[in-house]
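Chemist: Here's a structure for you.
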Amino acid sequence: MPILIVVLIFQLLVIRQPLADVGQLIIGSIMVVLGLTFFLLGLEQSLFPIGDAMAVSLARKGNVFWLLLFSFLLGFGTTIAEPALLAITQKAADIAGSAHMIENSLTAKADYALALRLTVAASVGVAIVLGVLRILLGWPLHYFIISGYIIVVAMTPFAPAEIIGIAFDSGGVTTSTITVPLVTALGIGLANSIKGRNPVTDGFGLIAFASLLPMIFVMTFGIVR
């Protein structure tokens, strides 16, 4: 709603042009508001509790392998289903085709977008695994974050110029509607279930990993490809 209000104010007071199709705008806006409302309600009612309960159950079983596997698959699955990632990879493939970085065909662009999505999804899976290990072992968060951004800065001059912007944006689109609630639930549930861990200081921070590693992985994707 705030976004809609801002757009309408600029359209009517700054641009001062009539809206092309008021009826379509109203219907679309209602659909967006209702869709997001029910989506967030569904996350609160089902997916958020599931992520919390799974983390607690796996931690109590004491099997680190299954916990790490669950963490990777959770990060991978939520990211591959992320609508924002789907949109940006499709747009990146279209531009890459237009710039003749890849063959400008539907098949080549679909393959490029899929490879990019899988790369980002895998990076988030690895990021969640690292975050879970940090919670289990009590490692300081800032060591990982500082080291990660040093790697990002060091890789930037060697990555293709065309991939750098996509890599940096990939870190943002991964932390969107689906990923954030589930990953946050995992971290808080895990910190709550481990003796000596504080859910406030240890349960949060997984999202930072999910934002950081995609930049490294996508630049690596650009260098290798």
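By order in the structure tokens, chains are A, B, ...; within a chain, residues start at 1; ligands start at 1, following the order shown.
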Got a sec: who's within 10 Å of Leu114 in chain A, counting only C-alpha atoms, leaving out chain neighbours fewer than 4 positions off, as a PDB file with N, CA and C atoms, in the first residue's frame?

Modeler:
```pdb
ATOM      1  N   ILE A  80      15.520 -21.255  -4.792  1.00  0.00           N
ATOM      2  CA  ILE A  80      15.148 -21.635  -6.154  1.00  0.00           C
ATOM      3  C   ILE A  80      13.693 -21.292  -6.427  1.00  0.00           C
ATOM      4  N   LEU A  86      13.829 -15.464  -9.797  1.00  0.00           N
ATOM      5  CA  LEU A  86      13.354 -15.880 -11.110  1.00  0.00           C
ATOM      6  C   LEU A  86      13.283 -14.687 -12.057  1.00  0.00           C
ATOM      7  N   THR A  89      16.982 -13.340 -12.949  1.00  0.00           N
ATOM      8  CA  THR A  89      17.757 -14.231 -13.816  1.00  0.00           C
ATOM      9  C   THR A  89      17.200 -14.230 -15.236  1.00  0.00           C
ATOM     10  N   GLN A  90      15.890 -14.146 -15.354  1.00  0.00           N
ATOM     11  CA  GLN A  90      15.300 -14.049 -16.697  1.00  0.00           C
ATOM     12  C   GLN A  90      15.719 -12.757 -17.387  1.00  0.00           C
ATOM     13  N   ALA A  93      19.335 -12.992 -18.430  1.00  0.00           N
ATOM     14  CA  ALA A  93      19.496 -13.826 -19.627  1.00  0.00           C
ATOM     15  C   ALA A  93      19.085 -13.067 -20.882  1.00  0.00           C
ATOM     16  N   ALA A 108      19.112 -20.953 -25.282  1.00  0.00           N
ATOM     17  CA  ALA A 108      20.344 -20.472 -24.652  1.00  0.00           C
ATOM     18  C   ALA A 108      20.027 -19.570 -23.469  1.00  0.00           C
ATOM     19  N   LYS A 109      19.034 -18.720 -23.617  1.00  0.00           N
ATOM     20  CA  LYS A 109      18.669 -17.812 -22.529  1.00  0.00           C
ATOM     21  C   LYS A 109      18.047 -18.582 -21.366  1.00  0.00           C
ATOM     22  N   ALA A 110      17.246 -19.596 -21.669  1.00  0.00           N
ATOM     23  CA  ALA A 110      16.660 -20.414 -20.598  1.00  0.00           C
ATOM     24  C   ALA A 110      17.737 -21.172 -19.844  1.00  0.00           C
ATOM     25  N   LEU A 118      20.470 -21.774 -10.276  1.00  0.00           N
ATOM     26  CA  LEU A 118      21.060 -22.880  -9.520  1.00  0.00           C
ATOM     27  C   LEU A 118      22.312 -22.431  -8.764  1.00  0.00           C
ATOM     28  N   THR A 119      23.090 -21.560  -9.388  1.00  0.00           N
ATOM     29  CA  THR A 119      24.292 -21.043  -8.720  1.00  0.00           C
ATOM     30  C   THR A 119      23.930 -20.257  -7.472  1.00  0.00           C
ATOM     31  N   VAL A 120      22.955 -19.367  -7.601  1.00  0.00           N
ATOM     32  CA  VAL A 120      22.535 -18.567  -6.446  1.00  0.00           C
ATOM     33  C   VAL A 120      21.913 -19.448  -5.377  1.00  0.00           C
TER      34      VAL A 120
END
```

Chemist: Please identify the alpha helix (DSSP H) residues within range 182-225 of chain A (assignment by DSSP from backbone atoms) and present them as a PyMOL selection string.

Modeler: chain A and resi 182-193+206-224

Chemist: Since we have the selection now, will you write its residues out, keeping C-alpha atoms, as a PDB file, in the first residue's frame?

Modeler:
```pdb
ATOM      1  CA  LEU A 182      12.207 -19.762   7.059  1.00  0.00           C
ATOM      2  CA  VAL A 183      15.904 -19.062   7.530  1.00  0.00           C
ATOM      3  CA  THR A 184      15.214 -16.800  10.506  1.00  0.00           C
ATOM      4  CA  ALA A 185      13.024 -19.503  12.060  1.00  0.00           C
ATOM      5  CA  LEU A 186      15.826 -22.018  11.568  1.00  0.00           C
ATOM      6  CA  GLY A 187      18.423 -19.821  13.267  1.00  0.00           C
ATOM      7  CA  ILE A 188      16.239 -18.850  16.230  1.00  0.00           C
ATOM      8  CA  GLY A 189      14.971 -22.407  16.734  1.00  0.00           C
ATOM      9  CA  LEU A 190      18.500 -23.771  16.631  1.00  0.00           C
ATOM     10  CA  ALA A 191      19.845 -21.178  19.093  1.00  0.00           C
ATOM     11  CA  ASN A 192      16.938 -21.868  21.441  1.00  0.00           C
ATOM     12  CA  SER A 193      17.646 -25.597  21.465  1.00  0.00           C
ATOM     13  CA  LEU A 206      21.925 -16.281   8.816  1.00  0.00           C
ATOM     14  CA  ILE A 207      20.391 -13.736   6.448  1.00  0.00           C
ATOM     15  CA  ALA A 208      23.730 -11.932   6.261  1.00  0.00           C
ATOM     16  CA  PHE A 209      25.353 -15.141   5.017  1.00  0.00           C
ATOM     17  CA  ALA A 210      22.537 -15.606   2.495  1.00  0.00           C
ATOM     18  CA  SER A 211      23.213 -12.088   1.159  1.00  0.00           C
ATOM     19  CA  LEU A 212      26.988 -12.433   1.033  1.00  0.00           C
ATOM     20  CA  LEU A 213      27.746 -15.776  -0.578  1.00  0.00           C
ATOM     21  CA  PRO A 214      25.628 -15.274  -3.728  1.00  0.00           C
ATOM     22  CA  MET A 215      27.905 -12.385  -4.704  1.00  0.00           C
ATOM     23  CA  ILE A 216      30.957 -14.650  -4.451  1.00  0.00           C
ATOM     24  CA  PHE A 217      29.297 -17.558  -6.253  1.00  0.00           C
ATOM     25  CA  VAL A 218      27.852 -15.474  -9.108  1.00  0.00           C
ATOM     26  CA  MET A 219      31.181 -13.726  -9.756  1.00  0.00           C
ATOM     27  CA  THR A 220      32.818 -17.152  -9.783  1.00  0.00           C
ATOM     28  CA  PHE A 221      30.114 -18.258 -12.231  1.00  0.00           C
ATOM     29  CA  GLY A 222      30.987 -15.319 -14.479  1.00  0.00           C
ATOM     30  CA  ILE A 223      34.730 -16.004 -14.313  1.00  0.00           C
ATOM     31  CA  VAL A 224      34.367 -19.725 -15.024  1.00  0.00           C
TER      32      VAL A 224
END
```

Chemist: When distances are computed from only C-alpha atoms, which of A:Val56, A:Ala161, A:Ile50, A:Leu133 shows the smallest separation from Lys195 in chain A?

Modeler: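 Closest to Lys195 in chain A, using only C-alpha atoms: A:Val56.
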
Chemist: Quick one: everything within 7 Å of Phe76 in chain A, counting only C-alpha atoms, minus sequence neighbours fewer than 4 positions away in the same chain. Send it as a ChimeraX atom specification.

Modeler: /A:72,80,121-122,124-125

Chemist: Show me a table, sorted first by chain and then by increasing residue number, of the residues of range 103-199 of chain A having an atom at most 10 Å from range 20-41 of chain A, each with its shortest atom pair and the distance in Å to one decimal, counting only C-alpha atoms and written as a tab-separated table.

Modeler:
```
residue	atom	partner	partner_atom	distance
A:Thr177	CA	A:Leu40	CA	8.2
A:Ile178	CA	A:Leu40	CA	9.1
A:Pro181	CA	A:Leu40	CA	9.3
```

Chemist: When you count only C-alpha atoms, which of these residues is closest to Gly171 in chain A: A:Phe70, A:Ile194, A:Ile88, A:Leu137?

Modeler: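 Of all the options, A:Ile88 lies closest to Gly171 in chain A.
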
Chemist: Calculate how many Å separate CA of Ala59 in chain A from CA of Leu136 in chain A, rounding to one decimal.

Modeler: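 Separation of CA of Ala59 in chain A and CA of Leu136 in chain A: 9.2 Å.
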
Chemist: Quick one, how far is CA of Gly77 in chain A from CA of Thr174 in chain A?

Modeler: 11.3 Å

Chemist: Find the nearest atom pair between each residue of range 53-164 of chain A and range 42-48 of chain A for residues within 12 Å, count only C-alpha atoms, give distances in Å to one decimal, sort rows by chain and ascending number, and present the table as a tab-separated table.

Modeler:
```
residue	atom	partner	partner_atom	distance
A:Ala53	CA	A:Phe48	CA	8.7
A:Met54	CA	A:Phe48	CA	10.1
A:Ala55	CA	A:Phe48	CA	11.0
A:Leu74	CA	A:Leu47	CA	11.2
A:Thr78	CA	A:Leu47	CA	10.8
```

Chemist: Could you save those same residues with C-alpha atoms as a PDB file, in the first residue's frame?

Modeler:
```
ATOM      1  CA  ALA A  53      10.291 -27.215  14.835  1.00  0.00           C
ATOM      2  CA  MET A  54      12.604 -28.985  12.380  1.00  0.00           C
ATOM      3  CA  ALA A  55      15.643 -27.108  13.687  1.00  0.00           C
ATOM      4  CA  LEU A  74      16.197 -25.379   3.080  1.00  0.00           C
ATOM      5  CA  THR A  78      13.596 -21.472  -0.659  1.00  0.00           C
TER       6      THR A  78
END
```

Chemist: When you count only C-alpha atoms, which of these residues is closest to Ala92 in chain A: A:Ile145, A:Val64, A:Leu58, A:Ile166?

Modeler: A:Ile166

Chemist: Separation of CA of Ile128 in chain A and CA of Ala159 in chain A, in Å?

Modeler: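 It comes out at 24.4 Å.
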